[in-house]
Amino acid sequence: MAKELKKVYEPQEVEDRLYAHWEELGCFKADNKSKKEPFTVVIPPPNVTGQLHMGHAMDETIQDILIRYKKLRGYETLWLPGTDHAGIATQIKVEEMLRKEGLTRYDLGREAFLERVWAWKEKYGSTIINQLKKLGSACDWSRERFTMDEGCSAAVRKVFVDLYEKGLIYQGNRIINWCPNCKTALSDVEVEYTEKAGRLWHIEYKVKDSDEVVVCATTRPETMLGDTGIAVNPNDKRYTHLVGKTAILPLVGREIPIFADDYVEMEFGTGCVKVTPSHDPDDFEMGQRHGLDFILVIDENGRMTEGCGKYAGLDRYEARRVIVEDLEAQGLLRKVEELPHNVGVCYRCGTDVEPMTSTQWFVKMKPLAQPAIEAVRKGDIRFVPSRFENTYFNWMENVRDWCISRQLWWGHRIPAFYCDACGKMFVSREDLTVCPDCGAPVRQDEDVLDTWFSSALWPFSTLGWPEKTDDLAYFYPTSTLVTGYDIIFFWVARMIFSGLEHMGQKPFSDVLIHGLVRDAQGRKMSKSLGNGVDPLEIIKLYGADALRFTLITGNSPGNDTRFSADKVEAARNFANKIWNASRFVLMNLEVEDTALPPLSQLEPEDKWILSKMNRLVEEVTENLESYDLGVALSKLYDFFWDSFCDWYIELCKARLFAEDDNPQAKLTAQSVLAHVLFVALRLLHPFMPFITEELYLSLPHEKTSIMFESWPKPDDALRFSADEADMEKIMGAINAIRARRSEMNVPPSRRAALFIETKEHDLFAAGIPFFQRLAGISEVSFEQPPADVVTIVTDGARLFIPLGDLVDFGAELARLQNEKKKLHKEIERAGSKLNNPGFLAKAPAEVVEEEKTKLGKFTAMLEKVDESIAKLSDKQK
RNA sequence: GGACGCUUAGCUCAGCUGGUAGAGCAUUUGCUUGACGUGCAAAGGGUCAGCGGUUCGAUUCCGUUAGCGUCCACCA
């Protein structure tokens with residue numbers, strides 16, 4: 001029966017084999033015809049060209065834990081994997097590759113370029129998928145999807161046309177965020193704001209037909225070329241006389257109106273704002289309110305437009321420099337102040353974003369946001385931790401229309417067709433080649449959709465929508481969405497309104513938010529810092545289970561966590577501990593199963609561990625249900641290492657290796673060991689799938705995989721609170737003896753006799769083998785102890801150890817005095833509580849009872865200590 | 001300017017609905033104890049950021065102050 005395991009756990013040797021084993025058995029495959037309750041998770045699709053990083057590793061680990069846990073609990077689990085085409089990111093990568101060949105995408109043309117991207121995707125798209133497998137992810141690979149596969153594309157097409165027909169998608173010339181490097185429009189969430197050093201230039205504008213000047217302060221002098229007005233606050237008495245007058249734009253000579261608008265803050269700058277409606281979101285709105293002209297002065301490359309005279313063609317920052325020089329030369333620069341301010345940069349490339357007016361496609365957000373807010377407000381969708389609901393509401397309530405068109409080639413092409421002959425535009429479910437009206441050829445909109453437009457449909461597009469599939473019927477809405485707080489706006493919010501709008505049903509019930517994985521110093525892991533840790537390297541060195549353990553333990557939902565080699569090492573050590581404990585159990589196993597023996601055969605130590613185990617099952621289950629994965633895992637760690645290994649296994653050795661011939665006692669110990677191990681392996685499996693599977697397969701088992709076993713259930717028959725308390729008295733005595741010995745530097749090899757004075761003779765008599773094995777005791781006697789002893793007072797007994805000349809009477813007396821002081825303190829503490837009428841009247845009965853028990857215990861112990869002190873003092877005299 | 005989070009042992013962090021503070025790592029000491037030195041045993045180390053309040057009782061709830069951090073926001 002006994003199987004030989006290696007002395008050290010070698011994850012490298014088992015992980016790939018077990019993953020293949022699971023795939024062969026179809027462990028990850030979900031059945032949409034199942035009678036069970038479904039539990040569905042859709043993966044946040046990683047970028048198809050991406051590499052697995054620590055953030056992914058954490059995200060996937062959490063999902064895998066939920067999936068494996070629910071599967072053991074008897075749910076029909078589906079973890080649906082896939083990848084995202086990642087419009088900008090992927091296109092940039094391929095363009096970089098082309099650049100090495102000296103080519104641009106324009107050299108290739110749209111079609112040839114897209115072929116290259118697809119080829120790239122075929123070549124590298126599976127990289128991240130294979131990396132996910134290394135982590136142990138229990139994804140149903142038969143259902144793997146891609147945001148640009150046929151089905152997802154059909155969903156995108158349908159959604160676009162539907163929204164257009166409902167009037168929720170429109171085309172318009174509005175101010176958008178433009179990345180001059182990526183050369184595309186961006187949505188509001190794709191702009192990141194960073195504080196940069198800047199300046200505030202005060203520029204003089206002459207007032208027409210007057211000697212007056214108005215001074216406008218700006219951080220972006222180059223945009224003055226596009227100024228079409230000057231705004232002041234309507235209540236600003238300094239300027240009321242100017243409202244309605246005209247100013248002359250310096251350098252350009254354009255006449256622009258001076259008007260009043262509430263937007264202007266009187267206190268900031270000079271109180272006069274130069275208004276550039278085409279290059280500033282606020283100015284854009286003022287421009288609309290006041291019917292100003294819109295003049296584009298910066299083009300899609302970030303250069304000044306042709307209409308800019310001598311500045312035409314200059315880069316916007318070069319133009320700034322020249323314009324400032326010119327203003328200065330003309331004496332129009334009144335003042336320059338240093339002013340750090342927020343600059344929007346592209347989230348992909350970091351280039352300063354240029355706000356500009358442009359014709360783009362937008363999703364009208366207000367009507368979509370309302371139900372999405374409601375769903376969370378009503379608790380239909382729940383964020384964990386709930387504080388992220390604030391973030392969500394705040395965004396949803398103030399959301400602006402979503403710019404969805406991108407001037408890229410890689411992505412879902414916008415299904416709008418233009419007829420140049422009759423000037424009409426058609427948004428169509430089918431591709432058009434000729435105009436439905438006039439029959440002339442049509443051309444399709446050049447732009448593609450924001451990547452996040454397709455991700456927003458992920459929870460249902462991946463299940464087959466718009467087809468009415470069995471998957472969709474059975475698995476939608478999904479159960480839990482796991483993701484980082486950094487993409488709540490990008491993705492979570494948009495999935496919510498999309499699900500509600502297109503499915504008429506929420507996309508998921510719970511949103512589990514986790515934080516970032518930072519480096520050991522707490523810095524964000526980033527490519528530019530080069531401080532990223534490669535999860536695959538960690539897996540290679542320490543194993544996937546150790547990595548998973550590291551990412552989960554000591555962390556709570558929504559909080560960032562630091563990653564350090566120390567932690568992984570500790571995790572690896574734990575895996576090794578599990579391995580060796582199992583090895584021990586297997587080496588001593590002569591029974592054929594892991595069933596519990598009849599309760600009547602159980603010894604106190606068996607009841608002790610079973611009782612603890614039973615409570616563990618309850619608590620871990622509870623913690624998992626409330627997504628407290630870190631808490632659950634640390635309880636498992638403590639139970640396994642401390643309770644099971646350091647105590648129970650050691651206690652069992654007394655029986656397993658007993659000289660007397662009691663085969664039944666041995667078998668009982670083996671059975672309990674195997675049983676507890678089996679329970680622990682199942683509880684640990686969601687967190688550490690590989691090692692638990694490998695060990696399960698070594699135990700006597702019925703199934704071909706631990707994944708087919710079921711989650712342990714608490715059992716009322718295993719609540720042995722009295723036995724547990726008894727056992728703890730023995731353990732307390734062992735602890736006390738060990739501490740005394742250690743204090744006195746007695747080597748473990750030096751065995752000592754033990755004299756016990758107790759009213760609980762049977763209990764302590766049963767503990768004899770444990771004292772011998774765990775506390776370095778030779779013989780135990782309940783007789784009167786000799787004179788020269790060390791006295792140890794514990795709960796339930798007084799223990800005496802004659803340690804011969806090792807004992808320094810003075811030291812022993814001091815120790816006892818110290819002990820006495822401690823007990824006095826305890827008694828005082830408990831006593832003051834119990835003397836407090838408020839406490840007695842208002843505290844719950846069991847708390848009062850507990851205090852009374854403690855008081856009794858400590859009082860008894862104090863008596864014993866006093867006795868010993870008296871004896872020792874007598875002797876010294 | 002809003003919103004949120006953090007401040008607990010030398011370090012990194014747990015601590016659910018209030019009832020004498022925990023883990024890992026680090027430190028010190030001892031140990032070939034028939035699974036494991038990726039181990040075993042023992043020990044030191046915290047007025048749970050400050051101040052108020054609620055309570056019989058607060059690290060835990062409320063308010064407030066300070067420091068740090070994150071997100072959002074139109075101060076040109």
# chains A, B, ... in the order shown; residues from 1 in each chain; ligands from 1
call {"tool": "residues_around", "arguments": {"residues": "A66 of chain B", "least_positions_apart": "3", "cutoff": "12 Å", "atoms": "only C-alpha atoms (C1' of nucleotides)", "output": "MDAnalysis selection string"}}
result
chainID B and resid 7 49:51
call {"tool": "residues_around", "arguments": {"residues": "segment 169-173 of chain A", "least_positions_apart": "3", "cutoff": "7 Å", "atoms": "only C-alpha atoms (C1' of nucleotides)", "output": "ChimeraX atom specification"}}
result
/A:163-164,357-364
call {"tool": "write_last_selection", "arguments": {"atoms": "N, CA, C and O atoms", "output": "compact mmCIF listing (two decimals), in the first residue's frame"}}
result
# COMPACT_ATOMS: atom_id res chain seq x y z
N LEU A 163 -28.00 49.73 -31.42
CA LEU A 163 -27.88 51.00 -30.69
C LEU A 163 -28.07 52.18 -31.63
O LEU A 163 -28.68 53.18 -31.28
N TYR A 164 -27.57 52.02 -32.84
CA TYR A 164 -27.75 53.11 -33.81
C TYR A 164 -29.23 53.32 -34.09
O TYR A 164 -29.72 54.44 -34.10
N THR A 357 -11.57 68.99 -31.99
CA THR A 357 -12.87 68.64 -32.56
C THR A 357 -12.64 67.72 -33.73
O THR A 357 -11.67 67.87 -34.47
N SER A 358 -13.53 66.75 -33.85
CA SER A 358 -13.35 65.74 -34.88
C SER A 358 -14.68 65.02 -35.05
O SER A 358 -15.48 64.94 -34.13
N THR A 359 -14.88 64.49 -36.25
CA THR A 359 -16.09 63.72 -36.48
C THR A 359 -15.85 62.28 -36.05
O THR A 359 -14.96 61.62 -36.59
N GLN A 360 -16.60 61.85 -35.07
CA GLN A 360 -16.41 60.52 -34.53
C GLN A 360 -17.77 59.91 -34.20
O GLN A 360 -18.80 60.58 -34.26
N TRP A 361 -17.72 58.63 -33.82
CA TRP A 361 -18.94 57.94 -33.40
C TRP A 361 -19.00 57.90 -31.87
O TRP A 361 -17.98 57.70 -31.22
N PHE A 362 -20.20 58.08 -31.37
CA PHE A 362 -20.37 58.12 -29.91
C PHE A 362 -21.53 57.24 -29.46
O PHE A 362 -22.50 57.07 -30.18
N VAL A 363 -21.39 56.74 -28.25
CA VAL A 363 -22.52 56.07 -27.61
C VAL A 363 -23.12 57.06 -26.62
O VAL A 363 -22.40 57.65 -25.81
N LYS A 364 -24.41 57.23 -26.72
CA LYS A 364 -25.11 58.15 -25.82
C LYS A 364 -25.24 57.46 -24.47
O LYS A 364 -25.86 56.39 -24.35
call {"tool": "residues_around", "arguments": {"residues": "Gly125 of chain A", "least_positions_apart": "6", "cutoff": "10 Å", "atoms": "only C-alpha atoms (C1' of nucleotides)", "output": "PyMOL selection string"}}
result
chain A and resi 47-51+83-85+118-119+146
call {"tool": "interface_residues", "arguments": {"of": "chain B", "to": "chain A", "cutoff": "10 Å", "atoms": "only C-alpha atoms (C1' of nucleotides)", "output": "PyMOL selection string"}}
result
chain B and resi 3-6+12-16+19-20+23-25+29-31+33-36+38-43+56-57+71-72+74-76
call {"tool": "residues_around", "arguments": {"residues": "Val434 of chain A", "least_positions_apart": "3", "cutoff": "12 Å", "atoms": "only C-alpha atoms (C1' of nucleotides)", "output": "list of chain:residue names"}}
result
A:Phe417, A:Tyr418, A:Cys419, A:Asp420, A:Ala421, A:Cys422, A:Lys424, A:Met425, A:Phe426, A:Ser428, A:Glu430, A:Asp431, A:Asp437, A:Cys438, A:Gly439, A:Ala440, A:Pro441, A:Val442, A:Arg443, A:Gln444
call {"tool": "atom_distance", "arguments": {"atom1": "atom CA of Val384 of chain A", "atom2": "atom CA of Leu512 of chain A"}}
result
4.9 Å
call {"tool": "atom_distance", "arguments": {"atom1": "atom CA of Lys208 of chain A", "atom2": "atom CA of Arg320 of chain A"}}
result
25.2 Å
call {"tool": "closest_residue", "arguments": {"among": "A:Lys825, A:Arg719, A:Arg429, A:His675", "to": "Ala154 of chain A", "atoms": "only C-alpha atoms"}}
result
A:Arg429
call {"tool": "residues_around", "arguments": {"residues": "segment 606-612 of chain A", "least_positions_apart": "6", "cutoff": "6 Å", "atoms": "only C-alpha atoms (C1' of nucleotides)", "output": "number ranges by chain"}}
result
A: 718-720, 724
call {"tool": "write_last_selection", "arguments": {"atoms": "N, CA, C and O atoms", "output": "tab-separated table (two decimals), in the first residue's frame"}}
result
chain	number	residue	atom	x	y	z
A	718	LEU	N	-18.81	15.43	15.02
A	718	LEU	CA	-17.39	15.66	15.28
A	718	LEU	C	-17.13	16.88	16.17
A	718	LEU	O	-16.01	17.37	16.24
A	719	ARG	N	-18.16	17.36	16.82
A	719	ARG	CA	-17.94	18.47	17.76
A	719	ARG	C	-17.63	17.90	19.14
A	719	ARG	O	-18.53	17.61	19.91
A	720	PHE	N	-16.36	17.73	19.42
A	720	PHE	CA	-15.96	17.13	20.71
A	720	PHE	C	-15.37	18.22	21.60
A	720	PHE	O	-14.17	18.22	21.87
A	724	GLU	N	-11.70	18.13	23.37
A	724	GLU	CA	-10.77	19.12	22.87
A	724	GLU	C	-10.13	19.86	24.05
A	724	GLU	O	-8.92	20.05	24.10
call {"tool": "residues_around", "arguments": {"residues": "C62 of chain B", "least_positions_apart": "5", "cutoff": "12 Å", "atoms": "only C-alpha atoms (C1' of nucleotides)", "output": "list in words"}}
result
G52, G53, U54 and U55 of chain B
call {"tool": "residues_around", "arguments": {"residues": "Glu204 of chain A", "least_positions_apart": "2", "cutoff": "12 Å", "atoms": "only C-alpha atoms (C1' of nucleotides)", "output": "PyMOL selection string"}}
result
chain A and resi 201-202+206-207+211-218+221+224+230+247-251+270+272-274+324+327-328+330-335
call {"tool": "select_by_dssp", "arguments": {"residues": "segment 88-286 of chain A", "states": "helix (DSSP H, G or I)", "output": "PyMOL selection string"}}
result
chain A and resi 88-100+105-108+110-135+141-143+150-165+188-190+221-226+240-242+281-286
call {"tool": "select_by_dssp", "arguments": {"residues": "segment 222-386 of chain A", "states": "strand (DSSP E)", "output": "ChimeraX atom specification"}}
result
/A:229-232,246-248,255-260,272-275,333-338,341-346,354-363,382-384
call {"tool": "atom_distance", "arguments": {"atom1": "atom CA of Glu95 of chain A", "atom2": "atom CA of Val117 of chain A"}}
result
9.1 Å
